[in-house]
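Peer 1: Following this line is coords-v7.txt, made up of compact mmCIF, N, CA, C and O atoms:
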# COMPACT_ATOMS: atom_id res chain seq x y z
N MET A 1 0.83 -1.18 0.00
CA MET A 1 0.00 0.00 0.00
C MET A 1 0.87 1.25 0.00
O MET A 1 0.57 2.21 -0.65
N GLU A 2 1.99 1.16 0.71
CA GLU A 2 2.87 2.32 0.77
C GLU A 2 3.49 2.62 -0.59
O GLU A 2 3.64 3.77 -0.97
N LYS A 3 3.83 1.56 -1.36
CA LYS A 3 4.37 1.76 -2.70
C LYS A 3 3.37 2.49 -3.59
O LYS A 3 3.72 3.33 -4.36
N HIS A 4 2.09 2.13 -3.45
CA HIS A 4 1.06 2.75 -4.28
C HIS A 4 0.99 4.26 -4.01
O HIS A 4 0.91 5.04 -4.94
N ASN A 5 1.06 4.68 -2.77
CA ASN A 5 1.00 6.10 -2.43
C ASN A 5 2.22 6.85 -2.97
O ASN A 5 2.10 7.95 -3.47
N THR A 6 3.37 6.24 -2.87
CA THR A 6 4.58 6.88 -3.39
C THR A 6 4.49 7.03 -4.90
O THR A 6 4.83 8.07 -5.44
N HIS A 7 3.99 5.99 -5.56
CA HIS A 7 3.84 6.05 -7.02
C HIS A 7 2.86 7.15 -7.43
O HIS A 7 3.10 7.88 -8.37
N ALA A 8 1.78 7.28 -6.69
CA ALA A 8 0.78 8.31 -7.01
C ALA A 8 1.37 9.70 -6.83
O ALA A 8 1.12 10.61 -7.63
N GLN A 9 2.18 9.89 -5.81
CA GLN A 9 2.80 11.19 -5.61
C GLN A 9 3.79 11.50 -6.71
O GLN A 9 3.86 12.61 -7.20
N ASP A 10 4.57 10.49 -7.12
CA ASP A 10 5.54 10.71 -8.19
C ASP A 10 4.82 11.04 -9.50
O ASP A 10 5.23 11.92 -10.24
N ALA A 11 3.77 10.30 -9.79
CA ALA A 11 3.03 10.55 -11.04
C ALA A 11 2.41 11.93 -11.02
O ALA A 11 2.42 12.64 -12.01
N HIS A 12 1.89 12.35 -9.88
CA HIS A 12 1.25 13.66 -9.81
C HIS A 12 2.31 14.77 -9.92
O HIS A 12 2.12 15.74 -10.63
N GLY A 13 3.43 14.60 -9.26
CA GLY A 13 4.48 15.61 -9.29
C GLY A 13 5.14 15.75 -10.64
O GLY A 13 5.49 16.83 -11.07
N SER A 14 5.30 14.65 -11.37
CA SER A 14 6.01 14.70 -12.65
C SER A 14 5.15 15.28 -13.77
O SER A 14 5.67 15.78 -14.74
N HIS A 15 3.81 15.20 -13.63
CA HIS A 15 2.94 15.70 -14.69
C HIS A 15 2.41 17.09 -14.40
O HIS A 15 1.77 17.68 -15.25
N GLY A 16 2.68 17.62 -13.24
CA GLY A 16 2.22 18.96 -12.91
C GLY A 16 3.30 19.96 -13.24
O GLY A 16 4.48 19.65 -13.32
N GLY A 17 2.90 21.20 -13.46
CA GLY A 17 3.87 22.24 -13.75
C GLY A 17 4.15 23.08 -12.51
O GLY A 17 3.40 23.04 -11.54
N SER A 18 5.21 23.81 -12.56
CA SER A 18 5.53 24.70 -11.46
C SER A 18 4.75 26.01 -11.61
O SER A 18 4.24 26.32 -12.69
N MET A 19 4.67 26.75 -10.53
CA MET A 19 3.97 28.04 -10.57
C MET A 19 4.67 28.96 -11.57
O MET A 19 4.00 29.70 -12.30
N LYS A 20 6.00 28.91 -11.63
CA LYS A 20 6.75 29.74 -12.56
C LYS A 20 6.37 29.42 -14.01
O LYS A 20 6.16 30.32 -14.82
N SER A 21 6.23 28.13 -14.32
CA SER A 21 5.85 27.72 -15.67
C SER A 21 4.46 28.23 -16.02
O SER A 21 4.23 28.71 -17.14
N TYR A 22 3.53 28.12 -15.08
CA TYR A 22 2.16 28.59 -15.34
C TYR A 22 2.11 30.11 -15.52
O TYR A 22 1.39 30.61 -16.38
N VAL A 23 2.88 30.84 -14.73
CA VAL A 23 2.89 32.30 -14.85
C VAL A 23 3.50 32.72 -16.18
O VAL A 23 2.97 33.61 -16.87
N ILE A 24 4.59 32.08 -16.58
CA ILE A 24 5.21 32.40 -17.87
C ILE A 24 4.24 32.10 -19.01
O ILE A 24 4.07 32.90 -19.93
N GLY A 25 3.57 30.95 -18.96
CA GLY A 25 2.60 30.60 -19.98
C GLY A 25 1.44 31.58 -20.01
O GLY A 25 0.97 31.98 -21.09
N PHE A 26 0.97 32.00 -18.83
CA PHE A 26 -0.12 32.96 -18.76
C PHE A 26 0.30 34.30 -19.36
O PHE A 26 -0.45 34.91 -20.14
N LEU A 27 1.51 34.77 -19.06
CA LEU A 27 1.99 36.03 -19.61
C LEU A 27 2.13 35.96 -21.14
O LEU A 27 1.75 36.90 -21.84
N PHE A 28 2.68 34.84 -21.63
CA PHE A 28 2.77 34.67 -23.09
C PHE A 28 1.38 34.69 -23.71
O PHE A 28 1.17 35.29 -24.76
N SER A 29 0.42 34.02 -23.08
CA SER A 29 -0.94 33.99 -23.60
C SER A 29 -1.55 35.39 -23.66
O SER A 29 -2.20 35.75 -24.64
N ILE A 30 -1.35 36.17 -22.62
CA ILE A 30 -1.87 37.53 -22.59
C ILE A 30 -1.22 38.37 -23.69
O ILE A 30 -1.92 39.09 -24.43
N ILE A 31 0.09 38.28 -23.83
CA ILE A 31 0.80 39.05 -24.85
C ILE A 31 0.33 38.66 -26.25
O ILE A 31 0.07 39.51 -27.10
N LEU A 32 0.19 37.34 -26.49
CA LEU A 32 -0.24 36.86 -27.80
C LEU A 32 -1.70 37.18 -28.10
O LEU A 32 -2.13 37.11 -29.24
N THR A 33 -2.46 37.54 -27.08
CA THR A 33 -3.83 37.99 -27.28
C THR A 33 -3.89 39.50 -27.50
O THR A 33 -4.66 39.98 -28.34
N ILE A 34 -3.07 40.24 -26.78
CA ILE A 34 -3.09 41.70 -26.86
C ILE A 34 -2.55 42.21 -28.21
O ILE A 34 -3.07 43.17 -28.76
N ILE A 35 -1.52 41.56 -28.74
CA ILE A 35 -0.91 42.04 -30.00
C ILE A 35 -1.94 42.13 -31.13
O ILE A 35 -2.10 43.19 -31.73
N PRO A 36 -2.67 41.05 -31.46
CA PRO A 36 -3.66 41.20 -32.54
C PRO A 36 -4.81 42.14 -32.17
O PRO A 36 -5.34 42.84 -33.04
N LEU A 37 -5.16 42.18 -30.89
CA LEU A 37 -6.23 43.08 -30.45
C LEU A 37 -5.87 44.53 -30.73
O LEU A 37 -6.66 45.29 -31.29
N VAL A 38 -4.64 44.92 -30.39
CA VAL A 38 -4.18 46.29 -30.61
C VAL A 38 -4.12 46.59 -32.11
O VAL A 38 -4.52 47.67 -32.55
N VAL A 39 -3.63 45.64 -32.89
CA VAL A 39 -3.53 45.85 -34.35
C VAL A 39 -4.91 46.05 -34.96
O VAL A 39 -5.11 46.94 -35.78
N VAL A 40 -5.88 45.24 -34.54
CA VAL A 40 -7.23 45.35 -35.11
C VAL A 40 -7.93 46.61 -34.62
O VAL A 40 -8.55 47.34 -35.41
N MET A 41 -7.83 46.92 -33.33
CA MET A 41 -8.53 48.07 -32.77
C MET A 41 -8.01 49.39 -33.33
O MET A 41 -8.77 50.34 -33.50
N ASN A 42 -6.71 49.45 -33.63
CA ASN A 42 -6.10 50.69 -34.12
C ASN A 42 -5.92 50.70 -35.64
O ASN A 42 -5.35 51.65 -36.17
N ASP A 43 -6.35 49.63 -36.32
CA ASP A 43 -6.25 49.53 -37.77
C ASP A 43 -4.83 49.83 -38.25
O ASP A 43 -4.60 50.65 -39.14
N LEU A 44 -3.85 49.14 -37.64
CA LEU A 44 -2.44 49.40 -37.92
C LEU A 44 -1.94 48.77 -39.21
O LEU A 44 -0.99 49.26 -39.81
N LEU A 45 -2.55 47.65 -39.64
CA LEU A 45 -2.09 46.95 -40.83
C LEU A 45 -3.24 46.80 -41.81
O LEU A 45 -4.40 46.99 -41.46
N GLY A 46 -2.90 46.42 -43.02
CA GLY A 46 -3.93 46.16 -44.03
C GLY A 46 -4.69 44.88 -43.69
O GLY A 46 -4.32 44.13 -42.78
N LYS A 47 -5.73 44.62 -44.47
CA LYS A 47 -6.59 43.46 -44.20
C LYS A 47 -5.82 42.14 -44.27
O LYS A 47 -5.95 41.30 -43.37
N THR A 48 -5.03 41.96 -45.31
CA THR A 48 -4.29 40.71 -45.47
C THR A 48 -3.23 40.54 -44.38
O THR A 48 -3.11 39.47 -43.79
N ALA A 49 -2.50 41.61 -44.09
CA ALA A 49 -1.46 41.54 -43.05
C ALA A 49 -2.07 41.28 -41.68
O ALA A 49 -1.51 40.52 -40.88
N THR A 50 -3.22 41.87 -41.42
CA THR A 50 -3.89 41.65 -40.14
C THR A 50 -4.34 40.19 -40.02
O THR A 50 -4.18 39.57 -38.97
N THR A 51 -4.87 39.65 -41.10
CA THR A 51 -5.30 38.25 -41.09
C THR A 51 -4.12 37.32 -40.85
O THR A 51 -4.20 36.38 -40.06
N VAL A 52 -3.01 37.58 -41.53
CA VAL A 52 -1.81 36.77 -41.35
C VAL A 52 -1.30 36.89 -39.91
O VAL A 52 -0.94 35.88 -39.28
N LEU A 53 -1.29 38.09 -39.36
CA LEU A 53 -0.84 38.29 -37.98
C LEU A 53 -1.73 37.52 -37.00
O LEU A 53 -1.21 36.86 -36.08
N ILE A 54 -3.03 37.57 -37.20
CA ILE A 54 -3.94 36.85 -36.31
C ILE A 54 -3.70 35.35 -36.40
O ILE A 54 -3.66 34.65 -35.37
N LEU A 55 -3.49 34.83 -37.59
CA LEU A 55 -3.22 33.40 -37.76
C LEU A 55 -1.90 32.99 -37.10
O LEU A 55 -1.82 31.95 -36.44
N ILE A 56 -0.87 33.81 -37.26
CA ILE A 56 0.43 33.52 -36.63
C ILE A 56 0.30 33.54 -35.11
O ILE A 56 0.82 32.65 -34.42
N MET A 57 -0.39 34.53 -34.58
CA MET A 57 -0.58 34.62 -33.13
C MET A 57 -1.41 33.43 -32.62
O MET A 57 -1.16 32.93 -31.52
N ALA A 58 -2.38 32.97 -33.40
CA ALA A 58 -3.18 31.81 -33.00
C ALA A 58 -2.33 30.54 -32.94
O ALA A 58 -2.45 29.74 -32.01
N ILE A 59 -1.45 30.38 -33.91
CA ILE A 59 -0.56 29.21 -33.92
C ILE A 59 0.40 29.26 -32.73
O ILE A 59 0.63 28.26 -32.05
N LEU A 60 0.95 30.45 -32.46
CA LEU A 60 1.83 30.60 -31.30
C LEU A 60 1.07 30.37 -30.00
O LEU A 60 1.60 29.76 -29.06
N GLN A 61 -0.16 30.84 -29.93
CA GLN A 61 -1.00 30.62 -28.75
C GLN A 61 -1.24 29.12 -28.54
O GLN A 61 -1.19 28.62 -27.41
N PHE A 62 -1.48 28.39 -29.63
CA PHE A 62 -1.66 26.95 -29.57
C PHE A 62 -0.40 26.28 -29.01
O PHE A 62 -0.48 25.40 -28.14
N ALA A 63 0.75 26.70 -29.48
CA ALA A 63 2.02 26.14 -28.99
C ALA A 63 2.22 26.44 -27.51
O ALA A 63 2.65 25.57 -26.74
N VAL A 64 1.93 27.66 -27.09
CA VAL A 64 2.07 28.03 -25.67
C VAL A 64 1.15 27.17 -24.82
O VAL A 64 1.56 26.67 -23.76
N GLN A 65 -0.09 26.97 -25.26
CA GLN A 65 -1.03 26.15 -24.50
C GLN A 65 -0.51 24.72 -24.36
O GLN A 65 -0.58 24.12 -23.28
N LEU A 66 0.02 24.16 -25.45
CA LEU A 66 0.54 22.79 -25.41
C LEU A 66 1.76 22.67 -24.49
O LEU A 66 1.87 21.72 -23.72
N ILE A 67 2.65 23.62 -24.57
CA ILE A 67 3.91 23.52 -23.83
C ILE A 67 3.73 23.85 -22.35
O ILE A 67 4.17 23.10 -21.48
N PHE A 68 3.07 24.97 -22.04
CA PHE A 68 3.02 25.43 -20.66
C PHE A 68 1.84 24.86 -19.86
O PHE A 68 1.94 24.74 -18.64
N PHE A 69 0.74 24.54 -20.50
CA PHE A 69 -0.44 24.10 -19.76
C PHE A 69 -0.76 22.63 -19.97
O PHE A 69 -1.24 21.96 -19.06
N MET A 70 -0.54 22.11 -21.17
CA MET A 70 -0.82 20.69 -21.44
C MET A 70 0.41 19.82 -21.19
O MET A 70 0.32 18.60 -21.25
N HIS A 71 1.56 20.42 -20.95
CA HIS A 71 2.82 19.74 -20.61
C HIS A 71 3.21 18.69 -21.65
O HIS A 71 3.64 17.60 -21.33
N ILE A 72 3.05 19.03 -22.92
CA ILE A 72 3.34 18.08 -23.99
C ILE A 72 4.84 17.74 -24.04
O ILE A 72 5.22 16.66 -24.44
N ARG A 73 5.68 18.64 -23.57
CA ARG A 73 7.13 18.36 -23.60
C ARG A 73 7.58 17.51 -22.42
O ARG A 73 8.68 16.98 -22.41
N ASP A 74 6.73 17.34 -21.40
CA ASP A 74 7.10 16.59 -20.20
C ASP A 74 6.72 15.12 -20.26
O ASP A 74 6.85 14.41 -19.28
N GLU A 75 6.25 14.65 -21.42
CA GLU A 75 5.80 13.27 -21.55
C GLU A 75 6.96 12.30 -21.46
O GLU A 75 8.07 12.58 -21.88
N GLU A 76 6.66 11.14 -20.90
CA GLU A 76 7.62 10.04 -20.90
C GLU A 76 7.52 9.33 -22.25
O GLU A 76 6.54 9.47 -22.96
N LYS A 77 8.53 8.55 -22.58
CA LYS A 77 8.48 7.79 -23.82
C LYS A 77 7.59 6.58 -23.61
O LYS A 77 7.60 6.03 -22.53
N PRO A 78 6.87 6.08 -24.54
CA PRO A 78 6.56 6.63 -25.85
C PRO A 78 5.59 7.80 -25.76
O PRO A 78 4.79 7.88 -24.84
N ARG A 79 5.64 8.67 -26.70
CA ARG A 79 4.86 9.91 -26.69
C ARG A 79 3.52 9.71 -27.42
O ARG A 79 3.30 10.26 -28.48
N PHE A 80 2.64 8.96 -26.80
CA PHE A 80 1.35 8.65 -27.43
C PHE A 80 0.50 9.90 -27.59
O PHE A 80 -0.18 10.05 -28.61
N ASN A 81 0.48 10.79 -26.60
CA ASN A 81 -0.33 12.00 -26.71
C ASN A 81 0.16 12.89 -27.85
O ASN A 81 -0.64 13.46 -28.58
N LEU A 82 1.47 13.01 -27.99
CA LEU A 82 2.03 13.82 -29.07
C LEU A 82 1.72 13.20 -30.43
O LEU A 82 1.34 13.91 -31.36
N MET A 83 1.83 11.89 -30.52
CA MET A 83 1.51 11.22 -31.79
C MET A 83 0.03 11.37 -32.13
O MET A 83 -0.32 11.60 -33.30
N ALA A 84 -0.84 11.27 -31.14
CA ALA A 84 -2.28 11.45 -31.37
C ALA A 84 -2.58 12.88 -31.80
O ALA A 84 -3.41 13.11 -32.68
N LEU A 85 -1.89 13.85 -31.20
CA LEU A 85 -2.07 15.25 -31.58
C LEU A 85 -1.64 15.49 -33.02
O LEU A 85 -2.36 16.12 -33.80
N ILE A 86 -0.49 14.97 -33.40
CA ILE A 86 -0.01 15.14 -34.77
C ILE A 86 -0.95 14.46 -35.76
O ILE A 86 -1.28 15.03 -36.80
N PHE A 87 -1.43 13.28 -35.42
CA PHE A 87 -2.37 12.58 -36.29
C PHE A 87 -3.66 13.39 -36.45
O PHE A 87 -4.19 13.53 -37.56
N GLY A 88 -4.16 13.95 -35.36
CA GLY A 88 -5.35 14.79 -35.42
C GLY A 88 -5.14 16.02 -36.28
O GLY A 88 -6.03 16.41 -37.04
N LEU A 89 -3.96 16.63 -36.18
CA LEU A 89 -3.66 17.80 -37.01
C LEU A 89 -3.57 17.42 -38.49
O LEU A 89 -4.01 18.18 -39.36
N VAL A 90 -3.02 16.26 -38.80
CA VAL A 90 -2.94 15.80 -40.20
C VAL A 90 -4.35 15.58 -40.74
O VAL A 90 -4.67 16.02 -41.87
N ILE A 91 -5.21 14.97 -39.94
CA ILE A 91 -6.60 14.75 -40.37
C ILE A 91 -7.29 16.10 -40.57
O ILE A 91 -7.98 16.32 -41.59
N LEU A 92 -7.12 17.02 -39.64
CA LEU A 92 -7.73 18.35 -39.74
C LEU A 92 -7.27 19.08 -40.99
O LEU A 92 -8.09 19.63 -41.74
N MET A 93 -5.97 19.08 -41.25
CA MET A 93 -5.44 19.77 -42.42
C MET A 93 -5.93 19.12 -43.72
O MET A 93 -6.20 19.82 -44.70
N THR A 94 -6.06 17.80 -43.72
CA THR A 94 -6.58 17.10 -44.89
C THR A 94 -8.03 17.50 -45.17
O THR A 94 -8.39 17.78 -46.33
N ILE A 95 -8.84 17.56 -44.14
CA ILE A 95 -10.24 17.96 -44.32
C ILE A 95 -10.35 19.40 -44.78
O ILE A 95 -11.10 19.71 -45.72
N VAL A 96 -9.59 20.30 -44.16
CA VAL A 96 -9.65 21.72 -44.55
C VAL A 96 -9.14 21.91 -45.97
O VAL A 96 -9.79 22.58 -46.79
N ALA A 97 -7.99 21.32 -46.31
CA ALA A 97 -7.43 21.47 -47.66
C ALA A 97 -8.37 20.85 -48.70
O ALA A 97 -8.59 21.44 -49.77
N GLY A 98 -8.93 19.69 -48.41
CA GLY A 98 -9.87 19.07 -49.34
C GLY A 98 -11.12 19.91 -49.53
O GLY A 98 -11.62 20.05 -50.65
N SER A 99 -11.62 20.50 -48.45
CA SER A 99 -12.81 21.34 -48.55
C SER A 99 -12.54 22.58 -49.39
O SER A 99 -13.34 22.97 -50.24
N VAL A 100 -11.40 23.21 -49.15
CA VAL A 100 -11.03 24.40 -49.93
C VAL A 100 -10.85 24.03 -51.39
O VAL A 100 -11.30 24.75 -52.29
N TRP A 101 -10.21 22.91 -51.67
CA TRP A 101 -9.99 22.46 -53.04
C TRP A 101 -11.33 22.21 -53.75
O TRP A 101 -11.52 22.63 -54.89
N ILE A 102 -12.24 21.53 -53.07
CA ILE A 102 -13.55 21.24 -53.66
C ILE A 102 -14.31 22.54 -53.91
O ILE A 102 -14.91 22.73 -54.99
N MET A 103 -14.30 23.47 -52.96
CA MET A 103 -15.03 24.73 -53.14
C MET A 103 -14.42 25.58 -54.25
O MET A 103 -15.12 26.31 -54.94
N THR A 104 -13.10 25.49 -54.43
CA THR A 104 -12.43 26.30 -55.44
C THR A 104 -12.66 25.76 -56.84
O THR A 104 -12.97 26.51 -57.76
N TYR A 105 -12.51 24.46 -57.03
CA TYR A 105 -12.54 23.88 -58.37
C TYR A 105 -13.87 23.24 -58.75
O TYR A 105 -14.00 22.71 -59.85
N ASN A 106 -14.86 23.31 -57.89
CA ASN A 106 -16.15 22.75 -58.22
C ASN A 106 -17.21 23.86 -58.34
O ASN A 106 -18.38 23.63 -58.13
N ALA A 107 -16.74 25.05 -58.64
CA ALA A 107 -17.66 26.19 -58.77
C ALA A 107 -18.51 26.02 -60.02
O ALA A 107 -18.01 25.63 -61.09
N VAL A 108 -19.78 26.33 -59.89
CA VAL A 108 -20.69 26.27 -61.03
C VAL A 108 -20.53 27.56 -61.81
O VAL A 108 -20.66 28.65 -61.27
N GLY A 109 -20.24 27.46 -63.06
CA GLY A 109 -19.93 28.65 -63.83
C GLY A 109 -20.85 28.95 -64.86
O GLY A 109 -21.62 29.41 -65.43
Could you render the structure from this file as structure tokens?

Peer 2:
Amino acid sequence: MEKHNTHAQDAHGSHGGSMKSYVIGFLFSIILTIIPLVVVMNDLLGKTATTVLILIMAILQFAVQLIFFMHIRDEEKPRFNLMALIFGLVILMTIVAGSVWIMTYNAVG
């Protein structure tokens, strides 16, 4: 019974983040949210540049969430969660690219 408690504490401690990690992730998230907000509110860039900036900030926000809050880098081997995430992204990109392709080249003229 004592081994079980020790194992539970080790598993909980190894998968949790430190307060410093959470604060850094939170600050990055706030910054990555404020940048596009300021650009849009003040009309600092053109429409295309603003769209690209928002997309870049969204991708960076996704990475921050994975690294600082989902602890994707702290996984033990084998990295099943990371492989499942990559597989999901491949499926998502296939569906989006296929949908755009169909909408572009199947237009009724």

Peer 1: Quote the spacing between atom N of Ala97 in chain A and atom C of Phe62 in chain A in Å to one decimal place.

Peer 2: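 Separation of atom N of Ala97 in chain A and atom C of Phe62 in chain A: 19.5 Å.
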
Peer 1: Which is closer to Ala58 in chain A than all the others in A:Asn106, A:Thr94, A:Ser18, A:Thr33, using all atoms listed in the file?

Peer 2: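 The closest residue to Ala58 in chain A is A:Thr33.
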
Peer 1: May I ask for the distance between CA of Ser29 in chain A and CA of Leu60 in chain A, given in Å to one decimal place?

Peer 2: 8.9 Å

Peer 1: For Met57 in chain A, which residue among A:Met19, A:Ile95, A:Ile24, A:Ile31 is the nearest when counting all atoms listed in the file?

Peer 2: A:Ile31

Peer 1: Tell me, in Å to one decimal, how far atom N of Phe28 in chain A is from atom N of Leu53 in chain A.

Peer 2: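 Here the two named atoms are 18.5 Å from each other.
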
Peer 1: Using only C-alpha atoms, which of the listed residues (A:Met70, A:Val100, A:Ile35, A:Ala84) sits closest to Leu55 in chain A?

Peer 2: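 Among the listed residues, A:Ile35 lies closest to Leu55 in chain A.
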
Peer 1: Skip Ser21 in chain A itself and residues of its chain fewer than 6 positions away, then list as a VMD selection string all residues within 7 Å of it, counting only N, CA, C and O atoms.

Peer 2: chain A and resid 27 68 to 69

Peer 1: May I ask which of the residues A:Leu32, A:Leu45, A:Val39, A:Ile91 is the closest one to Ala63 in chain A, counting only C-alpha atoms?

Peer 2: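 Looking only at the distances to Ala63 in chain A, the closest residue turns out to be A:Leu32.
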